[in-house]
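Asker: Supplied structure: run_11.pdb, PDB, C-alpha atoms and all ligand atoms.
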```pdb
ATOM      1  CA  MET A  29     -10.285 -20.381   7.664  1.00  0.00           C
ATOM      2  CA  PRO A  30      -8.006 -21.118   4.696  1.00  0.00           C
ATOM      3  CA  VAL A  31      -4.852 -23.159   5.129  1.00  0.00           C
ATOM      4  CA  ARG A  32      -1.865 -20.912   4.396  1.00  0.00           C
ATOM      5  CA  ILE A  33       1.148 -22.461   2.686  1.00  0.00           C
ATOM      6  CA  LEU A  34       4.450 -20.783   1.786  1.00  0.00           C
ATOM      7  CA  PHE A  35       7.034 -22.432  -0.498  1.00  0.00           C
ATOM      8  CA  VAL A  36      10.603 -21.201  -0.036  1.00  0.00           C
ATOM      9  CA  CYS A  37      13.825 -21.591  -2.047  1.00  0.00           C
ATOM     10  CA  LEU A  38      16.934 -19.432  -2.389  1.00  0.00           C
ATOM     11  CA  GLY A  39      16.144 -17.036  -5.235  1.00  0.00           C
ATOM     12  CA  ASN A  40      12.345 -17.431  -5.495  1.00  0.00           C
ATOM     13  CA  ILE A  41      12.703 -17.576  -9.257  1.00  0.00           C
ATOM     14  CA  CYS A  42      12.962 -21.335  -9.996  1.00  0.00           C
ATOM     15  CA  ARG A  43      11.963 -23.998  -7.475  1.00  0.00           C
ATOM     16  CA  SER A  44       9.510 -22.319  -5.115  1.00  0.00           C
ATOM     17  CA  PRO A  45       7.564 -20.576  -7.916  1.00  0.00           C
ATOM     18  CA  ALA A  46       7.263 -24.002  -9.605  1.00  0.00           C
ATOM     19  CA  ALA A  47       6.058 -25.595  -6.357  1.00  0.00           C
ATOM     20  CA  GLU A  48       3.605 -22.744  -5.810  1.00  0.00           C
ATOM     21  CA  ALA A  49       2.195 -23.207  -9.331  1.00  0.00           C
ATOM     22  CA  ALA A  50       2.034 -27.009  -9.071  1.00  0.00           C
ATOM     23  CA  PHE A  51       0.316 -26.895  -5.692  1.00  0.00           C
ATOM     24  CA  ALA A  52      -2.139 -24.211  -6.854  1.00  0.00           C
ATOM     25  CA  HIS A  53      -2.947 -26.356  -9.887  1.00  0.00           C
ATOM     26  CA  ALA A  54      -3.595 -29.427  -7.702  1.00  0.00           C
ATOM     27  CA  VAL A  55      -5.772 -27.363  -5.358  1.00  0.00           C
ATOM     28  CA  ALA A  56      -7.809 -25.885  -8.228  1.00  0.00           C
ATOM     29  CA  LYS A  57      -8.288 -29.310  -9.784  1.00  0.00           C
ATOM     30  CA  ALA A  58      -9.559 -30.629  -6.454  1.00  0.00           C
ATOM     31  CA  GLY A  59     -12.053 -27.723  -6.278  1.00  0.00           C
ATOM     32  CA  LEU A  60     -10.396 -26.410  -3.117  1.00  0.00           C
ATOM     33  CA  ALA A  61      -9.121 -23.014  -4.292  1.00  0.00           C
ATOM     34  CA  ASN A  62     -11.166 -21.188  -1.646  1.00  0.00           C
ATOM     35  CA  HIS A  63      -9.590 -23.226   1.109  1.00  0.00           C
ATOM     36  CA  PHE A  64      -5.973 -22.225   0.568  1.00  0.00           C
ATOM     37  CA  VAL A  65      -3.705 -19.190   0.543  1.00  0.00           C
ATOM     38  CA  ILE A  66      -0.598 -20.129  -1.472  1.00  0.00           C
ATOM     39  CA  ASP A  67       2.581 -18.075  -1.857  1.00  0.00           C
ATOM     40  CA  SER A  68       6.327 -18.412  -2.378  1.00  0.00           C
ATOM     41  CA  ALA A  69       9.408 -16.496  -1.260  1.00  0.00           C
ATOM     42  CA  GLY A  70      13.214 -16.699  -1.207  1.00  0.00           C
ATOM     43  CA  THR A  71      15.751 -16.649   1.578  1.00  0.00           C
ATOM     44  CA  GLY A  72      17.980 -14.540  -0.708  1.00  0.00           C
ATOM     45  CA  ARG A  73      17.203 -11.121  -2.126  1.00  0.00           C
ATOM     46  CA  TRP A  74      19.136 -11.025  -5.436  1.00  0.00           C
ATOM     47  CA  HIS A  75      16.060 -11.417  -7.625  1.00  0.00           C
ATOM     48  CA  VAL A  76      13.438  -9.510  -5.626  1.00  0.00           C
ATOM     49  CA  GLY A  77      10.858  -7.934  -7.934  1.00  0.00           C
ATOM     50  CA  GLU A  78      11.637 -10.223 -10.879  1.00  0.00           C
ATOM     51  CA  PRO A  79       9.293 -12.728 -12.510  1.00  0.00           C
ATOM     52  CA  ALA A  80      10.332 -16.378 -12.331  1.00  0.00           C
ATOM     53  CA  ASP A  81      13.217 -17.580 -14.486  1.00  0.00           C
ATOM     54  CA  GLU A  82      12.208 -17.660 -18.152  1.00  0.00           C
ATOM     55  CA  ARG A  83      13.381 -21.264 -18.506  1.00  0.00           C
ATOM     56  CA  MET A  84      11.144 -22.362 -15.639  1.00  0.00           C
ATOM     57  CA  ARG A  85       8.168 -20.398 -16.944  1.00  0.00           C
ATOM     58  CA  GLN A  86       8.512 -21.960 -20.383  1.00  0.00           C
ATOM     59  CA  ALA A  87       8.985 -25.525 -19.101  1.00  0.00           C
ATOM     60  CA  ALA A  88       5.962 -25.101 -16.840  1.00  0.00           C
ATOM     61  CA  THR A  89       3.785 -23.608 -19.596  1.00  0.00           C
ATOM     62  CA  ALA A  90       4.569 -26.634 -21.764  1.00  0.00           C
ATOM     63  CA  ARG A  91       2.942 -28.742 -19.023  1.00  0.00           C
ATOM     64  CA  GLY A  92      -0.061 -26.480 -18.636  1.00  0.00           C
ATOM     65  CA  LEU A  93       1.221 -24.863 -15.447  1.00  0.00           C
ATOM     66  CA  GLU A  94       1.225 -21.099 -15.094  1.00  0.00           C
ATOM     67  CA  VAL A  95       4.095 -19.644 -13.067  1.00  0.00           C
ATOM     68  CA  THR A  96       3.107 -16.070 -12.233  1.00  0.00           C
ATOM     69  CA  SER A  97       5.009 -15.214  -9.053  1.00  0.00           C
ATOM     70  CA  ILE A  98       7.158 -12.117  -8.571  1.00  0.00           C
ATOM     71  CA  ALA A  99      10.197 -12.806  -6.391  1.00  0.00           C
ATOM     72  CA  ARG A 100      10.192 -11.572  -2.828  1.00  0.00           C
ATOM     73  CA  GLU A 101      12.267 -12.281   0.250  1.00  0.00           C
ATOM     74  CA  VAL A 102      10.915 -14.172   3.272  1.00  0.00           C
ATOM     75  CA  ARG A 103       9.689 -11.659   5.878  1.00  0.00           C
ATOM     76  CA  ALA A 104       9.466 -11.963   9.656  1.00  0.00           C
ATOM     77  CA  GLU A 105       5.652 -11.851   9.540  1.00  0.00           C
ATOM     78  CA  ASP A 106       5.570 -14.886   7.216  1.00  0.00           C
ATOM     79  CA  PHE A 107       6.324 -17.082  10.225  1.00  0.00           C
ATOM     80  CA  GLU A 108       3.137 -15.831  11.895  1.00  0.00           C
ATOM     81  CA  ARG A 109       0.959 -15.659   8.841  1.00  0.00           C
ATOM     82  CA  PHE A 110       1.524 -19.094   7.294  1.00  0.00           C
ATOM     83  CA  ASP A 111       0.534 -22.493   8.681  1.00  0.00           C
ATOM     84  CA  HIS A 112       3.114 -24.452   6.673  1.00  0.00           C
ATOM     85  CA  ILE A 113       6.472 -23.078   5.493  1.00  0.00           C
ATOM     86  CA  LEU A 114       8.089 -25.585   3.150  1.00  0.00           C
ATOM     87  CA  ALA A 115      11.771 -25.363   2.230  1.00  0.00           C
ATOM     88  CA  MET A 116      12.899 -26.640  -1.156  1.00  0.00           C
ATOM     89  CA  ASP A 117      16.221 -27.912   0.220  1.00  0.00           C
ATOM     90  CA  ARG A 118      18.059 -28.496   3.457  1.00  0.00           C
ATOM     91  CA  ASP A 119      20.157 -25.308   3.178  1.00  0.00           C
ATOM     92  CA  ASN A 120      17.008 -23.226   3.041  1.00  0.00           C
ATOM     93  CA  LEU A 121      15.465 -25.365   5.781  1.00  0.00           C
ATOM     94  CA  ARG A 122      18.409 -24.442   8.027  1.00  0.00           C
ATOM     95  CA  THR A 123      18.124 -20.758   7.131  1.00  0.00           C
ATOM     96  CA  LEU A 124      14.374 -20.706   7.798  1.00  0.00           C
ATOM     97  CA  THR A 125      14.700 -22.649  11.035  1.00  0.00           C
ATOM     98  CA  ALA A 126      17.301 -20.157  12.250  1.00  0.00           C
ATOM     99  CA  ARG A 127      15.119 -17.160  11.315  1.00  0.00           C
ATOM    100  CA  ALA A 128      11.854 -18.558  12.712  1.00  0.00           C
ATOM    101  CA  PRO A 129      10.778 -17.509  16.187  1.00  0.00           C
ATOM    102  CA  ALA A 130      10.726 -20.572  18.456  1.00  0.00           C
ATOM    103  CA  SER A 131       6.931 -20.409  18.714  1.00  0.00           C
ATOM    104  CA  HIS A 132       6.555 -20.902  14.931  1.00  0.00           C
ATOM    105  CA  ARG A 133       9.540 -23.165  14.212  1.00  0.00           C
ATOM    106  CA  ALA A 134       7.417 -26.315  13.924  1.00  0.00           C
ATOM    107  CA  LYS A 135       5.739 -24.864  10.819  1.00  0.00           C
ATOM    108  CA  VAL A 136       9.043 -25.046   8.935  1.00  0.00           C
ATOM    109  CA  ARG A 137       9.457 -28.371   7.111  1.00  0.00           C
ATOM    110  CA  LEU A 138      11.308 -29.825   4.158  1.00  0.00           C
ATOM    111  CA  PHE A 139       8.979 -29.855   1.129  1.00  0.00           C
ATOM    112  CA  ARG A 140      10.248 -33.264   0.020  1.00  0.00           C
ATOM    113  CA  ASP A 141       9.256 -34.836   3.305  1.00  0.00           C
ATOM    114  CA  PHE A 142       5.983 -35.173   1.347  1.00  0.00           C
ATOM    115  CA  ASP A 143       7.579 -36.684  -1.775  1.00  0.00           C
ATOM    116  CA  PRO A 144       5.959 -40.105  -2.239  1.00  0.00           C
ATOM    117  CA  VAL A 145       8.854 -41.383  -4.399  1.00  0.00           C
ATOM    118  CA  ALA A 146      12.030 -40.128  -2.672  1.00  0.00           C
ATOM    119  CA  PRO A 147      11.228 -38.379   0.603  1.00  0.00           C
ATOM    120  CA  GLY A 148      13.714 -36.296   2.545  1.00  0.00           C
ATOM    121  CA  LEU A 149      15.829 -35.062  -0.371  1.00  0.00           C
ATOM    122  CA  ASP A 150      16.519 -31.577  -1.722  1.00  0.00           C
ATOM    123  CA  VAL A 151      14.747 -30.210  -4.795  1.00  0.00           C
ATOM    124  CA  PRO A 152      17.927 -29.775  -6.889  1.00  0.00           C
ATOM    125  CA  ASP A 153      18.704 -26.183  -7.862  1.00  0.00           C
ATOM    126  CA  PRO A 154      18.315 -25.996 -11.671  1.00  0.00           C
ATOM    127  CA  TYR A 155      19.657 -22.429 -12.029  1.00  0.00           C
ATOM    128  CA  TYR A 156      23.162 -23.194 -13.322  1.00  0.00           C
ATOM    129  CA  GLY A 157      22.290 -26.377 -15.225  1.00  0.00           C
ATOM    130  CA  GLY A 158      20.607 -27.430 -18.461  1.00  0.00           C
ATOM    131  CA  PRO A 159      16.949 -27.811 -19.440  1.00  0.00           C
ATOM    132  CA  GLU A 160      16.655 -31.294 -17.902  1.00  0.00           C
ATOM    133  CA  GLY A 161      17.059 -29.721 -14.446  1.00  0.00           C
ATOM    134  CA  PHE A 162      13.868 -27.712 -14.909  1.00  0.00           C
ATOM    135  CA  GLU A 163      11.978 -30.816 -16.045  1.00  0.00           C
ATOM    136  CA  ASP A 164      13.278 -32.706 -13.016  1.00  0.00           C
ATOM    137  CA  VAL A 165      12.073 -29.916 -10.685  1.00  0.00           C
ATOM    138  CA  LEU A 166       8.641 -29.944 -12.330  1.00  0.00           C
ATOM    139  CA  ASP A 167       8.361 -33.738 -11.935  1.00  0.00           C
ATOM    140  CA  ILE A 168       9.283 -33.477  -8.248  1.00  0.00           C
ATOM    141  CA  VAL A 169       7.031 -30.538  -7.371  1.00  0.00           C
ATOM    142  CA  THR A 170       4.058 -32.014  -9.248  1.00  0.00           C
ATOM    143  CA  ARG A 171       4.022 -35.369  -7.454  1.00  0.00           C
ATOM    144  CA  THR A 172       4.998 -33.866  -4.092  1.00  0.00           C
ATOM    145  CA  SER A 173       2.233 -31.248  -4.315  1.00  0.00           C
ATOM    146  CA  LEU A 174      -0.367 -33.983  -4.793  1.00  0.00           C
ATOM    147  CA  SER A 175       0.700 -35.839  -1.667  1.00  0.00           C
ATOM    148  CA  LEU A 176       1.111 -32.582   0.273  1.00  0.00           C
ATOM    149  CA  LEU A 177      -2.477 -31.698  -0.641  1.00  0.00           C
ATOM    150  CA  GLU A 178      -3.714 -35.040   0.662  1.00  0.00           C
ATOM    151  CA  THR A 179      -1.994 -34.285   3.977  1.00  0.00           C
ATOM    152  CA  VAL A 180      -3.086 -30.674   4.483  1.00  0.00           C
ATOM    153  CA  LYS A 181      -6.481 -30.446   2.796  1.00  0.00           C
ATOM    154  CA  PRO A 182      -9.398 -29.644   5.043  1.00  0.00           C
ATOM    155  CA  SER A 183     -11.758 -32.541   5.606  1.00  0.00           C
ATOM    156  CA  SER A 184     -14.425 -32.171   2.925  1.00  0.00           C
ATOM    157  CA  ARG A 185     -17.113 -34.381   4.468  1.00  0.00           C
ATOM    158  CA  VAL A 186     -19.543 -32.849   6.896  1.00  0.00           C
ATOM    159  CA  PRO A 187     -20.935 -35.501   9.253  1.00  0.00           C
ATOM    160  CA  PRO A 188     -24.647 -36.130   8.481  1.00  0.00           C
ATOM    161  CA  ALA A 189     -25.649 -35.139  12.019  1.00  0.00           C
ATOM    162  CA  ASP A 190     -24.366 -31.592  11.369  1.00  0.00           C
ATOM    163  CA  ARG A 191     -26.262 -31.007   8.121  1.00  0.00           C
ATOM    164  CA  GLY A 192     -29.568 -30.130   9.682  1.00  0.00           C
ATOM    165  CA  GLU A 193     -31.337 -32.526   7.306  1.00  0.00           C
ATOM    166  CA  PRO A 194     -34.388 -34.476   8.391  1.00  0.00           C
ATOM    167  CA  SER A 195     -33.558 -38.061   9.314  1.00  0.00           C
ATOM    168  CA  GLN A 196     -34.583 -40.918   7.018  1.00  0.00           C
ATOM    169  CA  ALA A 197     -36.591 -42.724   9.706  1.00  0.00           C
TER
HETATM  170  P1  LIG A 201      15.888 -20.949  -6.877  1.00  0.00           P
HETATM  171  O1  LIG A 201      17.171 -20.954  -7.858  1.00  0.00           O
HETATM  172  O2  LIG A 201      16.441 -20.889  -5.460  1.00  0.00           O
HETATM  173  O3  LIG A 201      15.245 -22.246  -7.181  1.00  0.00           O
HETATM  174  O4  LIG A 201      15.079 -19.742  -7.261  1.00  0.00           O
HETATM  175  C1  LIG A 201      18.178 -19.997  -7.786  1.00  0.00           C
HETATM  176  C2  LIG A 201      18.029 -18.813  -8.460  1.00  0.00           C
HETATM  177  C3  LIG A 201      19.037 -17.861  -8.419  1.00  0.00           C
HETATM  178  C4  LIG A 201      20.179 -18.118  -7.704  1.00  0.00           C
HETATM  179  C5  LIG A 201      20.323 -19.296  -7.018  1.00  0.00           C
HETATM  180  C6  LIG A 201      19.318 -20.238  -7.062  1.00  0.00           C
HETATM  181  N1  LIG A 201      21.223 -17.156  -7.676  1.00  0.00           N
HETATM  182  O5  LIG A 201      22.256 -17.439  -7.091  1.00  0.00           O
HETATM  183  O6  LIG A 201      21.054 -16.060  -8.231  1.00  0.00           O
END
```
As structure tokens, how would this structure be written, given the file I've shared?

Answerer:
Amino acid sequence: MPVRILFVCLGNICRSPAAEAAFAHAVAKAGLANHFVIDSAGTGRWHVGEPADERMRQAATARGLEVTSIAREVRAEDFERFDHILAMDRDNLRTLTARAPASHRAKVRLFRDFDPVAPGLDVPDPYYGGPEGFEDVLDIVTRTSLSLLETVKPSSRVPPADRGEPSQA
């Protein structure tokens, strides 16, 4: 069974598409693409149906990251379908926690709880700022995705006893 991870911001055109791309890149590099379902969504609906912000797509491309998502709003069934629902900031964490059925609320976490450098902070919204904001988001989502992957990746080692190989004796 794949591990299902949903990244969530407000518009689903800047931060969560970047996190989705960075995490997918880390997963592919680790050879684990078949083990994950990765998606992103927004708590707001202003940009539904749009590709990610051009500034984010260009900044990501310059780093070899492809941002391909089309914006969608978080849906009720996402709380059932995904194993981990990671909010890009505390506002969105509050919104998601309020929308989540009690039985799935524990899946909702702050993405930067996994940030190895500065845990527990928001991914700053770059939408109304300059180009440095997009670079900052890409730095944060890249390092945080690597440590998130270490936490959620399925154990890759099969114990020797389960391999069905003849023993060395
Ligand atoms: P995001 O950034 O939540 O990282 O996608 C935003 C994009 C659009 C808006 C706000 C934040 N907006 O207000 O339209």

Asker: Taking the file as shown, find all residues satisfying the PyMOL selection byres (((not hetatm)) within 10 of (chain A and resi 201)) and write them as a ChimeraX atom specification.

Answerer: /A:36-47,69-75,80-81,84,99,116-117,120,151-156,162,165

Asker: For those residues, write C-alpha atoms to a file as a short mmCIF file (atom, residue, chain, number, x, y, z; two decimals), in the frame of the given file.

Answerer:
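File written: part_1.cif
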```cif
data_model
loop_
_atom_site.label_atom_id
_atom_site.label_comp_id
_atom_site.auth_asym_id
_atom_site.auth_seq_id
_atom_site.Cartn_x
_atom_site.Cartn_y
_atom_site.Cartn_z
CA VAL A 36 10.60 -21.20 -0.04
CA CYS A 37 13.82 -21.59 -2.05
CA LEU A 38 16.93 -19.43 -2.39
CA GLY A 39 16.14 -17.04 -5.24
CA ASN A 40 12.34 -17.43 -5.50
CA ILE A 41 12.70 -17.58 -9.26
CA CYS A 42 12.96 -21.34 -10.00
CA ARG A 43 11.96 -24.00 -7.48
CA SER A 44 9.51 -22.32 -5.12
CA PRO A 45 7.56 -20.58 -7.92
CA ALA A 46 7.26 -24.00 -9.60
CA ALA A 47 6.06 -25.60 -6.36
CA ALA A 69 9.41 -16.50 -1.26
CA GLY A 70 13.21 -16.70 -1.21
CA THR A 71 15.75 -16.65 1.58
CA GLY A 72 17.98 -14.54 -0.71
CA ARG A 73 17.20 -11.12 -2.13
CA TRP A 74 19.14 -11.02 -5.44
CA HIS A 75 16.06 -11.42 -7.62
CA ALA A 80 10.33 -16.38 -12.33
CA ASP A 81 13.22 -17.58 -14.49
CA MET A 84 11.14 -22.36 -15.64
CA ALA A 99 10.20 -12.81 -6.39
CA MET A 116 12.90 -26.64 -1.16
CA ASP A 117 16.22 -27.91 0.22
CA ASN A 120 17.01 -23.23 3.04
CA VAL A 151 14.75 -30.21 -4.80
CA PRO A 152 17.93 -29.78 -6.89
CA ASP A 153 18.70 -26.18 -7.86
CA PRO A 154 18.32 -26.00 -11.67
CA TYR A 155 19.66 -22.43 -12.03
CA TYR A 156 23.16 -23.19 -13.32
CA PHE A 162 13.87 -27.71 -14.91
CA VAL A 165 12.07 -29.92 -10.68
#
```

Asker: Taking only C-alpha atoms into account, name the residue in A:His53, A:Arg91, A:Arg122, A:Arg32 that is nearest to Ser173 (chain A).

Answerer: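 The closest residue to Ser173 (chain A) is A:His53.
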
Asker: Counting only C-alpha atoms, which residue out of A:Ala49, A:Ala54, A:Ile168, A:Ala146 sits closest to Lys181 (chain A)?

Answerer: A:Ala54

Asker: What does the structure give for the distance between CA of His132 (chain A) and CA of Phe51 (chain A), in Å to one decimal?

Answerer: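 Separation of CA of His132 (chain A) and CA of Phe51 (chain A): 22.4 Å.
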
Asker: May I ask which of the residues A:Ala56, A:Ile113, A:Val95, A:Ala61 is the closest one to Ala128 (chain A), counting only C-alpha atoms?

Answerer: A:Ile113

Asker: Given the PyMOL selection byres (((chain A and resi 66) around 7) and not hetatm) and the file above, list the residues it selects as a ChimeraX atom specification.

Answerer: /A:32-34,48,52,64-65,67

Asker: Return as a VMD selection string the set of residues that the PyMOL selection byres (((chain A and resi 77) around 9) and not hetatm) yields on the displayed structure.

Answerer: chain A and resid 75 to 76 78 to 79 98 to 100

Asker: Quote the spacing between CA of Arg171 (chain A) and CA of Ala87 (chain A) in Å to one decimal place.

Answerer: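 So the two atoms, CA of Arg171 (chain A) and CA of Ala87 (chain A), lie 16.0 Å apart.
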